[in-house]
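Shown next, in structure tokens, is the structure this report addresses.
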Amino acid sequence: MKPERRALVRAAGCTIAAAAVVSALPKAALAQAGRPFDIDALMVLLAQRGSGQARFTEERTVAGFEGPLRSSGLLSFTAPDRFSRETLEPRRERMEVEGNQIRLERGGRSRVLTLDAVPELVALVEGLRGTLSGNAALLRKHFALHLQGQARLWTLTLVPLEGTLASQVQQLQISGTQGDLRSVDMQMPGQQRSLMTIEPLARGAAPAAAAVPAAGSASGPAPR
């Protein structure tokens, strides 16, 4: 697989759930007295959302580097199917997915691809849309789902079913508290890992680039 396609898989994987819950959900949605907290209950929470933004920080462990590669920036989601990841540190780049298109912006240049051109991304994007819509059936089409915890602190693990994707992403562990996502831990072959922490922004907030904490520098290629 070409490096750019591997980078696309990593970036899309990190935003499967991140874009899905970038805004806080009404705590009233949890008023389901006596109902066990299972996949269906979590899907109900995930289905009750609109557009929103969040700050992210990411640490990625890559084979051949002594320390983690760090990045930070903004995530955004606009219903029904548009989401973006804008990296601000250590260098600016942006990935936006809408419908069947992926737009990449880096170094003042942009490129538009279709999902069909990167087949391994189809499952990841449908995983995103399944999460956005709280559609467990769509998620199960591409992933085995495992839920641990309760509404106050839960972890949803997505394990790819399809071989091509599974060769790039072993699993995604999405952790949250009630209706808010707090982290996405993507584990890849060769003990490579990406851990993203997320801070939802209040509705109506207009974050400036300076508001994002500066990430530590790292030698070698910047993470994508």
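We label chains A, B, ... in the order they appear in the structure tokens, count residues from 1 in each chain, and number ligands from 1 in the order shown.
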
Check the DSSP output for the backbone and give back, as a PyMOL selection string, the residues of stretch 17-162 of chain A in alpha helix (DSSP H).
chain A and resi 39-47+120-133+136-142

Generate the output file for the selected residues, C-alpha atoms, as a CSV table (one decimal), in the first residue's frame.
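Result saved to selection25.csv:
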chain,number,residue,atom,x,y,z
A,39,ILE,CA,-24.8,-1.7,22.3
A,40,ASP,CA,-28.4,-0.6,21.6
A,41,ALA,CA,-28.4,1.9,24.5
A,42,LEU,CA,-25.2,3.4,23.3
A,43,MET,CA,-26.5,3.7,19.8
A,44,VAL,CA,-29.5,5.6,21.1
A,45,LEU,CA,-27.0,8.1,22.6
A,46,LEU,CA,-24.9,8.3,19.5
A,47,ALA,CA,-28.0,8.9,17.3
A,120,GLU,CA,-9.9,0.0,2.4
A,121,LEU,CA,-11.4,3.4,3.4
A,122,VAL,CA,-14.9,2.4,2.5
A,123,ALA,CA,-15.4,0.3,5.7
A,124,LEU,CA,-13.9,3.0,7.9
A,125,VAL,CA,-16.1,5.7,6.4
A,126,GLU,CA,-19.2,3.5,6.7
A,127,GLY,CA,-18.1,2.8,10.3
A,128,LEU,CA,-18.1,6.6,10.8
A,129,ARG,CA,-21.5,7.0,9.3
A,130,GLY,CA,-22.8,4.0,11.3
A,131,THR,CA,-21.5,5.7,14.5
A,132,LEU,CA,-23.0,9.1,13.5
A,133,SER,CA,-26.4,7.6,12.9
A,136,ALA,CA,-25.4,-0.8,14.9
A,137,ALA,CA,-26.4,-2.9,11.9
A,138,LEU,CA,-24.1,-0.8,9.6
A,139,LEU,CA,-21.3,-1.0,12.1
A,140,ARG,CA,-21.6,-4.8,12.3
A,141,LYS,CA,-21.3,-5.1,8.6
A,142,HIS,CA,-17.7,-4.2,8.9

Between stretch 100-144 of chain A and stretch 82-93 of chain A, at 12 Å or less, what are the per-residue closest atom pairs and their distances in Å? Count only C-alpha atoms, order by chain and rising residue number, and return it as a tab-separated table.
residue	atom	partner	partner_atom	distance
A:Asn100	CA	A:Arg82	CA	10.1
A:Gln101	CA	A:Arg82	CA	9.8
A:Ile102	CA	A:Ser84	CA	9.5
A:Arg103	CA	A:Ser84	CA	9.2
A:Leu104	CA	A:Glu93	CA	7.6
A:Glu105	CA	A:Glu93	CA	5.5
A:Arg106	CA	A:Glu93	CA	4.6
A:Gly107	CA	A:Glu93	CA	7.2
A:Gly108	CA	A:Glu93	CA	8.7
A:Arg109	CA	A:Glu93	CA	9.6
A:Ser110	CA	A:Glu93	CA	9.6
A:Arg111	CA	A:Glu93	CA	11.7
A:Val125	CA	A:Phe83	CA	10.3
A:Leu128	CA	A:Phe83	CA	9.5
A:Arg129	CA	A:Arg82	CA	9.6
A:Leu132	CA	A:Phe83	CA	10.4

Using only C-alpha atoms, determine which residues lie at most 6 Å from stretch 175-187 of chain A, disregarding the query and same-chain residues fewer than 5 positions distant; provide the list as a PyMOL selection string.
chain A and resi 21+24-25+151-155+170+193-198

Residues of the last selection are to be written out with N, CA and C atoms, as a PDB file, in the first residue's frame.
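As written to disk, out.pdb reads:
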ATOM      1  N   VAL A  21     -18.963  12.483  17.886  1.00  0.00           N
ATOM      2  CA  VAL A  21     -19.439  13.035  19.150  1.00  0.00           C
ATOM      3  C   VAL A  21     -18.628  14.253  19.546  1.00  0.00           C
ATOM      4  N   ALA A  24     -21.280  17.993  22.945  1.00  0.00           N
ATOM      5  CA  ALA A  24     -21.869  17.333  24.104  1.00  0.00           C
ATOM      6  C   ALA A  24     -23.317  16.982  23.818  1.00  0.00           C
ATOM      7  N   LEU A  25     -23.749  15.807  24.293  1.00  0.00           N
ATOM      8  CA  LEU A  25     -25.123  15.371  24.106  1.00  0.00           C
ATOM      9  C   LEU A  25     -25.927  15.662  25.358  1.00  0.00           C
ATOM     10  N   ALA A 151     -22.800   3.742  31.335  1.00  0.00           N
ATOM     11  CA  ALA A 151     -22.963   5.027  30.659  1.00  0.00           C
ATOM     12  C   ALA A 151     -21.977   6.069  31.173  1.00  0.00           C
ATOM     13  N   ARG A 152     -21.651   6.032  32.459  1.00  0.00           N
ATOM     14  CA  ARG A 152     -20.761   7.048  33.021  1.00  0.00           C
ATOM     15  C   ARG A 152     -19.322   6.886  32.537  1.00  0.00           C
ATOM     16  N   LEU A 153     -18.942   5.683  32.095  1.00  0.00           N
ATOM     17  CA  LEU A 153     -17.596   5.443  31.582  1.00  0.00           C
ATOM     18  C   LEU A 153     -17.620   4.150  30.762  1.00  0.00           C
ATOM     19  N   TRP A 154     -17.518   4.282  29.443  1.00  0.00           N
ATOM     20  CA  TRP A 154     -17.650   3.128  28.576  1.00  0.00           C
ATOM     21  C   TRP A 154     -16.518   3.074  27.545  1.00  0.00           C
ATOM     22  N   THR A 155     -16.304   1.867  27.026  1.00  0.00           N
ATOM     23  CA  THR A 155     -15.330   1.664  25.948  1.00  0.00           C
ATOM     24  C   THR A 155     -15.959   0.760  24.899  1.00  0.00           C
ATOM     25  N   GLN A 170      -5.762  -3.059  13.515  1.00  0.00           N
ATOM     26  CA  GLN A 170      -6.152  -4.234  14.287  1.00  0.00           C
ATOM     27  C   GLN A 170      -7.444  -3.999  15.045  1.00  0.00           C
ATOM     28  N   ARG A 193       0.700   2.485  17.154  1.00  0.00           N
ATOM     29  CA  ARG A 193      -0.498   2.907  17.864  1.00  0.00           C
ATOM     30  C   ARG A 193      -0.724   4.411  17.689  1.00  0.00           C
ATOM     31  N   SER A 194      -1.969   4.803  17.646  1.00  0.00           N
ATOM     32  CA  SER A 194      -2.349   6.212  17.641  1.00  0.00           C
ATOM     33  C   SER A 194      -3.364   6.431  18.748  1.00  0.00           C
ATOM     34  N   LEU A 195      -3.060   7.338  19.679  1.00  0.00           N
ATOM     35  CA  LEU A 195      -3.970   7.658  20.771  1.00  0.00           C
ATOM     36  C   LEU A 195      -4.392   9.116  20.655  1.00  0.00           C
ATOM     37  N   MET A 196      -5.671   9.330  20.414  1.00  0.00           N
ATOM     38  CA  MET A 196      -6.215  10.676  20.279  1.00  0.00           C
ATOM     39  C   MET A 196      -7.095  10.995  21.477  1.00  0.00           C
ATOM     40  N   THR A 197      -6.838  12.129  22.110  1.00  0.00           N
ATOM     41  CA  THR A 197      -7.702  12.624  23.173  1.00  0.00           C
ATOM     42  C   THR A 197      -8.485  13.812  22.635  1.00  0.00           C
ATOM     43  N   ILE A 198      -9.721  13.958  23.107  1.00  0.00           N
ATOM     44  CA  ILE A 198     -10.666  14.900  22.513  1.00  0.00           C
ATOM     45  C   ILE A 198     -11.302  15.782  23.572  1.00  0.00           C
TER      46      ILE A 198
END

Distance atom CA of A:Gln173-atom CA of A:Ala79, one decimal place?
23.5 Å

A:Gly73, A:Ala144, A:Glu66, A:Gln150: which is nearest A:Leu172, counting only C-alpha atoms?
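Going through A:Gly73, A:Ala144, A:Glu66, A:Gln150 one by one, the smallest distance to A:Leu172 is for A:Ala144.
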
Quick one: distance from atom CA of A:Gln192 to atom CA of A:Asp81 in Å, one decimal?
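Pair atom CA of A:Gln192 / atom CA of A:Asp81 returns 28.9 Å.
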
Residues of stretch 70-176 of chain A in strand (DSSP E or B) according to DSSP, as JSON, numbers by chain?
{"A": [70, 71, 72, 73, 74, 75, 76, 77, 78, 82, 83, 84, 85, 86, 87, 88, 89, 93, 94, 95, 96, 97, 98, 101, 102, 103, 104, 105, 106, 109, 110, 111, 112, 113, 114, 143, 144, 145, 146, 147, 148, 149, 150, 153, 154, 155, 156, 157, 158, 159, 160, 171, 172, 173, 174, 175, 176]}

Identify which of the residues A:Glu58, A:Asp38, A:Glu162, A:Asp116 lies closest to A:Leu74, counting only C-alpha atoms when measuring atom-to-atom distances.
A:Glu58

Given only C-alpha atoms as the counted atoms, nearest of A:Gly149, A:Gly52, A:Pro36, A:Gly163 to A:Leu201
A:Gly52
